[in-house]
Structures are given as structure tokens and as C-alpha cells.
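Text of input28.txt (compact mmCIF, C-alpha atoms) as supplied:
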```
# COMPACT_ATOMS: atom_id res chain seq x y z
CA MET A 276 0.00 0.00 0.00
CA LYS A 277 1.13 3.48 -0.65
CA LYS A 278 1.45 7.11 -0.65
CA MET A 279 -1.02 9.73 -1.85
CA LEU A 280 -2.83 13.10 -1.55
CA LEU A 281 -2.75 16.24 -3.56
CA GLY A 282 -1.11 18.88 -1.36
CA ALA A 283 2.20 17.86 -2.77
CA ALA A 284 4.52 19.89 -4.86
CA ILE A 285 6.75 18.45 -2.11
CA MET A 286 6.23 15.01 -3.62
CA GLY A 287 8.56 15.55 -6.53
CA CYS A 288 5.82 15.23 -9.13
CA THR A 289 5.15 18.56 -10.76
CA ILE A 290 1.83 19.21 -9.04
CA ALA A 291 0.93 22.82 -9.79
CA ALA A 292 -2.32 24.72 -9.64
CA ARG A 293 -3.35 25.90 -13.09
CA ALA A 294 -5.79 28.77 -13.39
CA GLN A 295 -7.75 27.09 -16.15
CA ASP A 296 -8.15 23.90 -14.07
CA VAL A 297 -9.93 25.33 -11.04
CA LYS A 298 -12.89 27.45 -10.04
CA THR A 299 -12.27 29.97 -7.27
CA THR A 300 -14.78 32.00 -5.27
CA ASN A 301 -13.32 34.30 -2.63
CA ASN A 302 -10.93 32.00 -0.71
CA LEU A 303 -12.52 28.72 -1.83
CA THR A 304 -11.17 26.70 -4.76
CA ILE A 305 -12.95 23.71 -6.30
CA SER A 306 -10.91 21.33 -8.45
CA GLY A 307 -10.99 17.75 -9.64
CA TYR A 308 -9.17 14.92 -11.35
CA ALA A 309 -10.09 11.74 -13.21
CA GLU A 310 -7.93 9.07 -14.84
CA ILE A 311 -9.21 6.07 -16.75
CA TYR A 312 -6.87 3.29 -17.82
CA TYR A 313 -6.56 -0.05 -19.53
CA GLY A 314 -3.82 -2.48 -18.53
CA PHE A 315 -2.82 -5.81 -20.00
CA ASP A 316 -0.57 -8.16 -18.00
CA PHE A 317 1.08 -10.73 -20.26
CA ASN A 318 1.13 -13.27 -17.42
CA ARG A 319 -2.68 -13.17 -17.65
CA PRO A 320 -3.58 -13.40 -13.92
CA ALA A 321 -6.71 -15.46 -13.32
CA ASN A 322 -8.14 -12.97 -10.81
CA ASN A 323 -7.33 -9.99 -13.09
CA ASN A 324 -5.11 -8.40 -10.43
CA ARG A 325 -1.56 -7.34 -11.19
CA PRO A 326 1.21 -8.61 -8.82
CA GLY A 327 0.55 -8.01 -5.13
CA PHE A 328 3.11 -5.21 -4.75
CA VAL A 329 1.28 -3.11 -7.41
CA TYR A 330 -1.50 -0.84 -6.09
CA SER A 331 -2.05 1.76 -8.83
CA HIS A 332 -3.34 0.75 -12.28
CA ASN A 333 -3.54 -2.74 -10.83
CA ARG A 334 -6.33 -4.35 -12.85
CA HIS A 335 -5.64 -6.58 -15.86
CA ASN A 336 -7.55 -6.62 -19.15
CA GLU A 337 -10.24 -4.13 -18.24
CA ALA A 338 -10.95 -0.44 -18.67
CA ASN A 339 -11.43 1.17 -15.29
CA LEU A 340 -11.07 4.31 -13.19
CA ASN A 341 -7.71 4.46 -11.43
CA LEU A 342 -8.42 7.62 -9.46
CA GLY A 343 -11.08 10.27 -9.54
CA PHE A 344 -11.70 12.95 -6.94
CA ILE A 345 -13.39 16.27 -6.27
CA LYS A 346 -11.51 18.65 -3.98
CA ALA A 347 -12.41 21.80 -2.07
CA ASN A 348 -9.58 24.01 -0.79
CA TYR A 349 -9.97 27.01 1.50
CA ASP A 350 -7.11 29.41 2.27
CA ASP A 351 -7.43 32.95 3.58
CA GLY A 352 -3.76 33.31 4.50
CA ALA A 353 -4.33 32.60 8.19
CA VAL A 354 -6.24 29.32 8.11
CA ARG A 355 -6.51 26.66 5.43
CA ALA A 356 -8.37 23.42 4.82
CA ASN A 357 -8.64 20.70 2.18
CA LEU A 358 -11.33 18.10 1.61
CA ALA A 359 -11.27 15.64 -1.31
CA LEU A 360 -13.41 12.55 -1.83
CA MET A 361 -12.36 9.84 -4.28
CA ALA A 362 -13.23 6.64 -6.09
CA GLY A 363 -11.31 4.18 -8.26
CA THR A 364 -9.23 1.01 -8.20
CA TYR A 365 -6.42 2.99 -6.55
CA ALA A 366 -8.69 3.66 -3.56
CA ASN A 367 -9.81 0.02 -3.39
CA ALA A 368 -6.24 -1.26 -3.29
CA ASN A 369 -4.54 1.37 -1.15
CA LEU A 370 -7.19 1.94 1.50
CA ALA A 371 -8.39 -1.64 1.89
CA ALA A 372 -7.41 -1.63 5.59
CA GLU A 373 -9.31 1.56 6.43
CA PRO A 374 -12.82 1.31 7.92
CA GLY A 375 -16.06 2.47 6.33
CA VAL A 376 -16.25 5.78 4.52
CA LEU A 377 -12.57 6.53 5.23
CA LYS A 378 -11.83 4.38 2.16
CA ASN A 379 -13.12 7.25 0.02
CA VAL A 380 -11.18 10.08 1.67
CA PHE A 381 -8.39 11.34 -0.55
CA GLU A 382 -7.55 14.31 1.65
CA ALA A 383 -9.10 15.93 4.73
CA ASN A 384 -7.05 18.38 6.77
CA ALA A 385 -7.00 21.83 8.28
CA GLY A 386 -4.22 24.16 9.32
CA VAL A 387 -3.46 27.44 11.01
CA LYS A 388 -0.61 29.86 10.42
CA LEU A 389 1.31 30.25 13.68
CA SER A 390 3.20 33.45 12.89
CA LYS A 391 2.32 36.76 11.29
CA THR A 392 5.86 37.29 10.07
CA ALA A 393 7.06 33.77 9.25
CA ASN A 394 5.62 31.11 6.97
CA LEU A 395 5.01 28.61 9.78
CA TRP A 396 1.98 26.32 9.67
CA LEU A 397 0.44 23.64 11.87
CA ASP A 398 -1.79 21.20 9.97
CA GLY A 399 -3.70 18.13 11.08
CA GLY A 400 -5.81 15.45 9.44
CA ILE A 401 -5.27 13.22 6.41
CA PHE A 402 -2.74 14.45 3.89
CA SER A 403 -0.25 13.34 1.27
CA SER A 404 2.78 11.33 2.25
CA HIS A 405 6.05 13.15 2.81
CA ILE A 406 8.03 10.23 1.35
CA GLY A 407 8.93 9.94 -2.33
CA PHE A 408 8.78 11.97 -5.53
CA GLU A 409 5.65 10.36 -7.00
CA SER A 410 2.06 10.81 -5.90
CA ALA A 411 -1.20 9.07 -6.72
CA ILE A 412 -1.94 11.67 -9.41
CA SER A 413 -0.36 10.01 -12.41
CA LYS A 414 -0.85 12.99 -14.73
CA ASP A 415 1.59 15.05 -12.69
CA CYS A 416 4.33 12.40 -12.64
CA TRP A 417 6.90 11.75 -15.35
CA VAL A 418 5.83 8.12 -15.89
CA LEU A 419 2.38 6.58 -16.13
CA THR A 420 2.71 3.96 -13.39
CA ARG A 421 4.53 4.19 -10.05
CA ASN A 422 7.91 2.69 -9.21
CA ILE A 423 8.10 -0.19 -6.73
CA SER A 424 9.35 1.93 -3.83
CA SER A 425 6.56 4.47 -4.38
CA GLU A 426 3.98 1.68 -4.40
CA ASN A 427 5.33 0.25 -1.14
CA THR A 428 5.79 3.38 0.92
CA PRO A 429 2.86 5.52 2.09
CA TYR A 430 0.75 7.39 -0.45
CA TYR A 431 -1.12 9.05 2.42
CA GLU A 432 -0.76 9.55 6.17
CA SER A 433 -2.70 11.03 9.06
CA GLY A 434 -1.68 12.98 12.12
CA ALA A 435 -0.22 16.46 12.50
CA LYS A 436 2.67 18.31 10.91
CA LEU A 437 4.57 21.52 11.49
CA THR A 438 5.87 23.19 8.32
CA TYR A 439 8.26 26.10 7.89
CA ILE A 440 9.06 27.68 4.52
CA THR A 441 11.78 30.29 4.15
CA ASN A 442 10.80 33.70 2.79
CA ASP A 443 12.49 32.99 -0.55
CA GLY A 444 10.56 29.71 -0.85
CA LYS A 445 13.69 27.65 -1.46
CA LEU A 446 13.72 25.59 1.74
CA THR A 447 10.83 23.73 3.38
CA LEU A 448 11.25 21.96 6.72
CA THR A 449 8.53 19.64 8.03
CA GLY A 450 8.18 17.62 11.23
CA LEU A 451 5.38 15.06 11.48
CA TYR A 452 3.51 13.17 14.21
CA LEU A 453 1.75 10.23 12.54
CA ASN A 454 -0.71 7.44 13.29
CA GLY A 455 1.46 4.91 11.51
CA TRP A 456 2.78 3.70 8.17
CA GLN A 457 0.05 4.62 5.69
CA ARG A 458 -2.74 4.56 8.23
CA ILE A 459 -5.69 6.82 8.93
CA ASN A 460 -6.65 4.88 12.06
CA ARG A 461 -3.89 3.61 14.33
CA GLN A 462 -3.28 -0.14 14.17
CA ASP A 463 -5.26 -2.04 16.82
CA GLY A 464 -3.14 -2.82 19.87
CA ASN A 465 -0.35 -0.45 18.85
CA GLY A 466 0.03 2.43 21.30
CA ALA A 467 3.29 3.87 19.99
CA PRO A 468 3.29 7.05 17.90
CA ALA A 469 5.20 7.40 14.65
CA GLY A 470 6.78 10.37 13.00
CA GLY A 471 9.22 11.72 10.48
CA VAL A 472 10.93 14.74 9.02
CA GLN A 473 11.25 16.20 5.55
CA VAL A 474 13.84 18.60 4.17
CA TYR A 475 12.85 19.94 0.75
CA TYR A 476 15.28 22.27 -0.99
CA LYS A 477 14.83 23.98 -4.36
CA PRO A 478 17.89 26.20 -4.95
CA THR A 479 16.81 27.00 -8.54
CA ASP A 480 13.81 26.39 -10.74
CA LYS A 481 15.69 23.50 -12.35
CA ILE A 482 16.91 21.62 -9.25
CA THR A 483 14.95 19.95 -6.45
CA LEU A 484 16.57 18.04 -3.58
CA ASN A 485 14.74 16.12 -0.85
CA TYR A 486 15.38 13.99 2.21
CA SER A 487 12.51 12.36 4.13
CA ASN A 488 12.39 9.75 6.85
CA TYR A 489 9.93 7.76 8.91
CA LEU A 490 10.32 6.20 12.36
CA GLY A 491 7.61 4.03 13.87
CA THR A 492 6.63 0.56 14.98
CA GLU A 493 4.71 -2.25 13.27
CA GLY A 494 2.47 -4.74 15.05
CA ALA A 495 0.67 -4.79 18.37
CA ASP A 496 2.64 -3.62 21.43
CA ALA A 497 3.44 -7.15 22.60
CA ILE A 498 5.33 -7.95 19.39
CA ARG A 499 5.92 -4.58 17.76
CA VAL A 500 9.14 -3.98 15.83
CA ARG A 501 10.82 -0.71 14.99
CA ARG A 502 10.87 0.53 11.38
CA PHE A 503 13.23 3.30 10.24
CA TYR A 504 12.94 4.38 6.62
CA HIS A 505 14.91 6.93 4.57
CA ASN A 506 14.11 8.44 1.19
CA LEU A 507 16.35 10.71 -0.88
CA TYR A 508 15.75 12.09 -4.33
CA GLY A 509 16.86 14.78 -6.73
CA ILE A 510 15.08 16.25 -9.75
CA PHE A 511 17.32 17.95 -12.32
CA GLN A 512 15.85 19.78 -15.31
CA LEU A 513 19.03 19.91 -17.37
CA THR A 514 17.44 21.72 -20.32
CA ASP A 515 13.91 22.93 -21.11
CA ALA A 516 13.32 19.59 -22.85
CA PHE A 517 15.38 17.07 -20.86
CA GLY A 518 15.31 16.14 -17.18
CA ILE A 519 16.54 13.41 -14.83
CA THR A 520 15.12 12.19 -11.52
CA THR A 521 17.17 9.95 -9.25
CA GLY A 522 16.09 8.44 -5.97
CA PHE A 523 17.33 6.06 -3.31
CA ASP A 524 15.39 4.41 -0.48
CA TYR A 525 16.89 2.57 2.47
CA GLY A 526 14.86 1.03 5.27
CA THR A 527 15.47 -1.14 8.31
CA GLN A 528 13.17 -3.09 10.60
CA GLN A 529 13.85 -5.23 13.65
CA ALA A 530 13.67 -8.97 13.05
CA ALA A 531 11.73 -9.31 16.31
CA LYS A 532 10.84 -7.15 19.30
CA GLY A 533 14.00 -6.34 21.26
CA SER A 534 16.24 -7.91 18.62
CA SER A 535 19.51 -6.30 17.57
CA ILE A 536 19.13 -7.92 14.13
CA ASN A 537 17.61 -5.73 11.43
CA TYR A 538 16.08 -6.55 8.07
CA HIS A 539 16.96 -4.18 5.22
CA ILE A 540 15.41 -2.69 2.09
CA ILE A 541 17.30 -0.87 -0.65
CA SER A 542 15.73 0.66 -3.74
CA PRO A 543 17.50 2.92 -6.28
CA VAL A 544 15.53 4.40 -9.20
CA ALA A 545 16.35 6.68 -12.14
CA ILE A 546 14.01 8.33 -14.64
CA ALA A 547 14.90 10.34 -17.75
CA ARG A 548 12.27 12.44 -19.54
CA TYR A 549 12.53 14.16 -22.90
CA LYS A 550 9.95 16.52 -24.39
CA PHE A 551 10.53 16.12 -28.11
CA ALA A 552 7.65 18.33 -29.32
CA GLU A 553 5.26 20.89 -27.89
CA LYS A 554 2.63 18.31 -26.97
CA TRP A 555 4.75 15.13 -26.91
CA ALA A 556 7.16 13.65 -24.36
CA MET A 557 8.70 10.30 -23.51
CA ALA A 558 10.26 8.91 -20.34
CA GLY A 559 12.23 5.83 -19.37
CA ARG A 560 12.75 4.34 -15.91
CA VAL A 561 15.16 1.82 -14.41
CA GLU A 562 14.68 0.63 -10.84
CA TYR A 563 15.74 -2.06 -8.39
CA TYR A 564 14.06 -3.18 -5.18
CA GLU A 565 15.56 -5.61 -2.67
CA ASP A 566 13.64 -6.91 0.32
CA LYS A 567 15.30 -10.23 1.13
CA ASN A 568 13.49 -10.87 4.42
CA GLY A 569 10.01 -9.72 3.44
CA MET A 570 10.03 -6.55 5.53
CA ILE A 571 7.39 -5.05 3.21
CA ILE A 572 7.10 -7.42 0.21
CA ALA A 573 7.08 -11.07 1.29
CA THR A 574 7.63 -13.80 -1.31
CA GLY A 575 8.46 -16.96 0.66
CA THR A 576 11.31 -17.72 -1.78
CA PRO A 577 15.02 -18.30 -0.94
CA ASN A 578 16.24 -14.87 -2.07
CA GLY A 579 13.16 -12.90 -1.20
CA PHE A 580 12.10 -9.96 -3.34
CA LYS A 581 15.00 -8.90 -5.55
CA THR A 582 13.47 -7.34 -8.63
CA THR A 583 14.63 -5.03 -11.41
CA GLY A 584 12.08 -2.99 -13.33
CA TYR A 585 12.17 -1.19 -16.68
CA SER A 586 9.54 1.03 -18.24
CA LEU A 587 9.10 3.33 -21.22
CA ASN A 588 6.17 5.66 -21.80
CA VAL A 589 5.02 8.11 -24.47
CA ASP A 590 2.77 11.06 -23.56
CA PHE A 591 0.51 13.26 -25.66
CA ALA A 592 -1.08 16.38 -24.17
CA PRO A 593 -3.84 17.56 -26.55
CA VAL A 594 -4.64 20.44 -24.16
CA SER A 595 -2.93 21.70 -21.01
CA ASN A 596 -5.24 19.90 -18.58
CA ALA A 597 -5.43 16.49 -20.30
CA LEU A 598 -2.88 13.76 -20.93
CA ILE A 599 -2.96 10.56 -23.01
CA ARG A 600 -0.25 8.02 -22.16
CA LEU A 601 1.04 4.61 -23.20
CA GLU A 602 3.58 2.62 -21.17
CA GLY A 603 5.35 -0.70 -21.43
CA LYS A 604 6.85 -2.22 -18.29
CA MET A 605 8.96 -5.28 -17.47
CA TYR A 606 9.92 -6.81 -14.12
CA ASN A 607 12.74 -9.34 -13.78
CA SER A 608 13.14 -11.15 -10.46
CA LYS A 609 15.97 -13.29 -9.10
CA ASP A 610 13.42 -15.82 -7.86
CA GLN A 611 10.30 -17.04 -9.61
CA ILE A 612 7.84 -14.84 -7.76
CA PHE A 613 5.32 -14.31 -10.57
CA THR A 614 2.70 -16.69 -11.95
CA ARG A 615 1.89 -17.52 -15.58
CA ASN A 616 -0.58 -20.26 -16.46
CA TYR A 617 -0.41 -21.41 -12.80
CA ASN A 618 3.38 -21.86 -13.08
CA ALA A 619 6.00 -19.84 -11.21
CA VAL A 620 8.08 -17.57 -13.47
CA GLY A 621 10.74 -14.91 -12.90
CA ASN A 622 9.41 -12.09 -15.07
CA ASN A 623 6.31 -10.01 -15.67
CA ALA A 624 5.46 -7.72 -18.59
CA ALA A 625 2.56 -5.31 -18.93
CA VAL A 626 1.23 -2.54 -21.17
CA THR A 627 -0.87 0.29 -19.76
CA ALA A 628 -2.73 3.12 -21.48
CA SER A 629 -4.41 6.00 -19.66
CA PHE A 630 -6.35 9.21 -20.21
CA ALA A 631 -6.30 11.79 -17.40
CA VAL A 632 -8.05 15.14 -17.02
CA SER A 633 -7.73 17.77 -14.32
CA PHE A 634 -10.34 20.48 -13.89
```
Represent the structure contained in this file as C-alpha cells.
Amino acid sequence: MKKMLLGAAIMGCTIAARAQDVKTTNNLTISGYAEIYYGFDFNRPANNNRPGFVYSHNRHNEANLNLGFIKANYDDGAVRANLALMAGTYANANLAAEPGVLKNVFEANAGVKLSKTANLWLDGGIFSSHIGFESAISKDCWVLTRNISSENTPYYESGAKLTYITNDGKLTLTGLYLNGWQRINRQDGNGAPAGGVQVYYKPTDKITLNYSNYLGTEGADAIRVRRFYHNLYGIFQLTDAFGITTGFDYGTQQAAKGSSINYHIISPVAIARYKFAEKWAMAGRVEYYEDKNGMIIATGTPNGFKTTGYSLNVDFAPVSNALIRLEGKMYNSKDQIFTRNYNAVGNNAAVTASFAVSF
């Protein structure tokens, strides 16, 4: 399950408010987003679900809604609030553990500015994850589908956060008190809080640097283990047409409560994007994810989850608020963790097409 919510230019995707996409009355802004997709998995899963570590665009051989939401934002400079309600296969997969109507909450938070002279805010509620450079809003990311580390770190989180932005807007510092690892409600039996920090630095319009971390516990108090996760990324727009994003995740988790032995996750990723015409762009991604002991992705195989991924997508933007995309993706695993015709295999290939509109 994974990381989400729209408040997130901090997420590394180029999420920007466009005047033609929103309707504003006084201090209230109404906006929305919808993305339909069709995916075909060449392993032809019998239940029409893509592999278990995939949460976005995860249905095989059907046209469906990945994510659609309507959002209201209020900001008068002293207080602010966001409320967005959603539907789609993304919501079904990522919020499966949340109770009742919370499954349909994309964002719900409110904040107050703590200083008249400094850009210091205290916000609470449900908001986008502070980890990673990709969000649930595919249209605003360089590639159609998410990388493995994005799919398996929080898309969303709940709690409270304190945010400070320098007057020149180049540096953002955030401290967070959270209910857990991608949780709206705290896990039953777990009484320990979680938290994290984010340092987001944009020295120029063409460079973005970020470090985020998370520290919390998994499991009920009697057996809970400590998880410490780090995410670093950089976005470099080398020319007006060509850019590179690089990221690296490293996480540890105790093997058992009180143990000095830790399990480890490593995940590097690199994406290159080239805009070769006014309305056309293409992007390629290479990634690797290693989780030998099943800290997040359990396989039950000798080497655990050790998987390399490749993808290539082509984008066409007929108008500024719409995007048509086509992507091919391949996973290669050290162990035979995938299934084809009820047989274990070591690779998985898929093609995905999508049409997204923001308004």
C-alpha cells in the first residue's frame, strides 16, 4: 500500500495549480481529477489483479477508473483546509485496511498559520505522504505507473505536521507526528506514535533536492518492531526539454521485538524524460528493489524480493489539462515470484494506457 494526496509539490511530481483547471470563489477553490486506464498483464492473472506489490493501475484486461476525486480548498492566509473525496481502483487497493467511509477520503485536513511574520503552519488530518517523488496523481508524474518503492511506501498519512518555509521559498522543513505507516486509524493494539521529518530544498527552478524519513513501529505492542525508513531524491531539469530524476530508499526493521538484528530494504531508481515536441514527451525508468526478508514485500522464496524494473512511456497532451499516455513495463526477479498459467516464473510484462483530465 502506498502514498497519496494532492497537497504535494513536495512530492517531486510537478503538481501545480493551473488557473484554467480550477474554479475559485473568494478563498474557496474547487478542483478535480479523473484518470481512466486499460492495462494488460502478459502473465494473464486469473483474478485480473496485477502482482501483489502493485497498487495503482492494478487491474488486468479491463478499462477502469484508477483515481477520480473532487476537492475543495480554503485558504485565507491565516487558516486553510482541504477536503477531497475519491473513487477508483487505486482507492480500493490502497485503503483496503481503512474502515467504512474513510476508504473514500483522498484528503481531509486543516491548518493554522502560527506566525504573522514567518511562513510557519500547523496542519492536522489526512494528507499526502512526505516520502517519495511520485504521488497518486499520475498525470503530474513523469511516468504513467509508479515505481516499486513508491507503491510500497505511504501514499497518504494522518496525524499532525509543522511546516516552515523560508521567505524565498527555497527551503521547506517539516516535522510530522503520525498514526502509523500509511494509516488513517492507528493499528489495533499499537500504542506507539510514529513520525518523520522532511527537508525539501529547491535552490533553482531547475533543481529539487529532498530527504525524508519515517520512524515508527509495526504490530501490536506485545510484538511490535521498529521501522526506520529513509528516502532521498533529486530532480534535475538539465534543459527545457530534458530532465533526470534519481532516488534512493533505504529502510530497516527489527527482526523481532527487542532484537539487535535488522532486516533491510534498498531501492534505487532513475528516470529520464525528454519533451521532443510541444505536446509530446517520452520517459524511461530503471529501478531495483531488494527486500530479502520480506520486511514489506514477502515472497516466501530463498532470495526474497529482488526485482529489477524497466519502463518506457510516451505522452501526448492535446490540451494543457489532459494527458494521453502509453507505457510498457517489465519486471525481472531473481526468484520465480510471478505466476503464468499457474506456473512460477521470474518475469512479468505489462502494457498500460491511460487518459487523465484535471479540472
Could you give me, as an NGL selection string, the residues that have an atom at most 9 Å away from the point (0.6, 4.0, -14.6) in the coordinates of the file, using only C-alpha atoms?
:A and (312 or 314 or 331-333 or 341 or 413 or 418-421 or 600-602 or 627-629)
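We find atom CA of Asn394 of chain A and atom CA of Leu446 of chain A to be spaced 11.1 Å apart.
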List the neighbours of Val561 of chain A out to 9 Å using all atoms listed in the file; skip same-chain residues closer than 2 positions along the sequence, and give me the result as number ranges by chain.
A: 422, 543-546, 559, 563, 583-586
For the selection you just gave me, I'd like the residues written to a file as a PDB file, in the frame of the given file, keeping C-alpha atoms.
```pdb
ATOM      1  CA  ASN A 422       7.910   2.690  -9.210  1.00  0.00           C
ATOM      2  CA  PRO A 543      17.500   2.920  -6.280  1.00  0.00           C
ATOM      3  CA  VAL A 544      15.530   4.400  -9.200  1.00  0.00           C
ATOM      4  CA  ALA A 545      16.350   6.680 -12.140  1.00  0.00           C
ATOM      5  CA  ILE A 546      14.010   8.330 -14.640  1.00  0.00           C
ATOM      6  CA  GLY A 559      12.230   5.830 -19.370  1.00  0.00           C
ATOM      7  CA  TYR A 563      15.740  -2.060  -8.390  1.00  0.00           C
ATOM      8  CA  THR A 583      14.630  -5.030 -11.410  1.00  0.00           C
ATOM      9  CA  GLY A 584      12.080  -2.990 -13.330  1.00  0.00           C
ATOM     10  CA  TYR A 585      12.170  -1.190 -16.680  1.00  0.00           C
ATOM     11  CA  SER A 586       9.540   1.030 -18.240  1.00  0.00           C
TER      12      SER A 586
END
```
Atom CA of Thr520 of chain A and atom CA of Ser424 of chain A are how many Å apart?
14.1 Å
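Computed from the coordinates, the atom CA of Phe634 of chain A to atom CA of Arg355 of chain A distance equals 20.6 Å.
Of the listed residues A:Gly526, A:Tyr606, A:Arg458, A:Pro478, the one whose atoms come nearest to Pro374 of chain A is A:Arg458, with distances taken using only C-alpha atoms.
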Give me the residues near Phe402 of chain A as number ranges by chain, where near means some atom within 7 Å (using only C-alpha atoms) and where sequence neighbours in that chain fewer than 2 positions away do not count.
A: 280, 382-384, 400, 404, 431-433
Using only C-alpha atoms, the shortest atom-to-atom distance to Ser306 of chain A among A:Lys346, A:Arg319, A:Lys609, A:Arg334 belongs to A:Lys346
Considering all atoms listed in the file, return as JSON, numbers by chain whatever protein or nucleic-acid residues lie within 6 Å of Gly450 of chain A, sequence-local ones (same chain, fewer than 6 positions apart) excluded.
{"A": [436, 437, 472]}
Shortest contact to Asp350 of chain A, candidates A:Lys567, A:Arg461, A:Lys388, A:Lys477, atoms counted only C-alpha atoms, goes to A:Lys388
Shell around Ser608 of chain A at 10 Å using all atoms listed in the file, local window under 6 positions removed, as an mmCIF file with C-alpha atoms, in the frame of the given file:
```cif
data_model
loop_
_atom_site.group_PDB
_atom_site.id
_atom_site.type_symbol
_atom_site.label_atom_id
_atom_site.label_comp_id
_atom_site.auth_asym_id
_atom_site.auth_seq_id
_atom_site.Cartn_x
_atom_site.Cartn_y
_atom_site.Cartn_z
ATOM 1 C CA TYR A 563 15.740 -2.060 -8.390
ATOM 2 C CA TYR A 564 14.060 -3.180 -5.180
ATOM 3 C CA GLU A 565 15.560 -5.610 -2.670
ATOM 4 C CA ASN A 578 16.240 -14.870 -2.070
ATOM 5 C CA GLY A 579 13.160 -12.900 -1.200
ATOM 6 C CA PHE A 580 12.100 -9.960 -3.340
ATOM 7 C CA LYS A 581 15.000 -8.900 -5.550
ATOM 8 C CA THR A 582 13.470 -7.340 -8.630
ATOM 9 C CA THR A 583 14.630 -5.030 -11.410
ATOM 10 C CA GLY A 584 12.080 -2.990 -13.330
ATOM 11 C CA VAL A 620 8.080 -17.570 -13.470
ATOM 12 C CA GLY A 621 10.740 -14.910 -12.900
ATOM 13 C CA ASN A 622 9.410 -12.090 -15.070
ATOM 14 C CA ASN A 623 6.310 -10.010 -15.670
#
```
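With distances taken over all atoms listed in the file, A:Ala353 is the one residue among A:Ile572, A:Ala631, A:Leu303, A:Ala353 lying closest to Lys391 of chain A.
Among A:Gln512, A:Gln457, A:Tyr504, A:Phe591, the residue with the shortest atom-to-atom distance to Asp480 of chain A, counting all atoms listed in the file, is A:Gln512.
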Selection near Tyr475 of chain A, 7 Å with all atoms listed in the file, sequence-local residues under 4 positions removed, as a PyMOL selection string
chain A and resi 285+446-448+484-486
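Each of A:Ala619, A:Tyr439, A:Leu342, A:Ile541 was compared to Lys414 of chain A using all atoms listed in the file, and A:Leu342 turns out to be the nearest.
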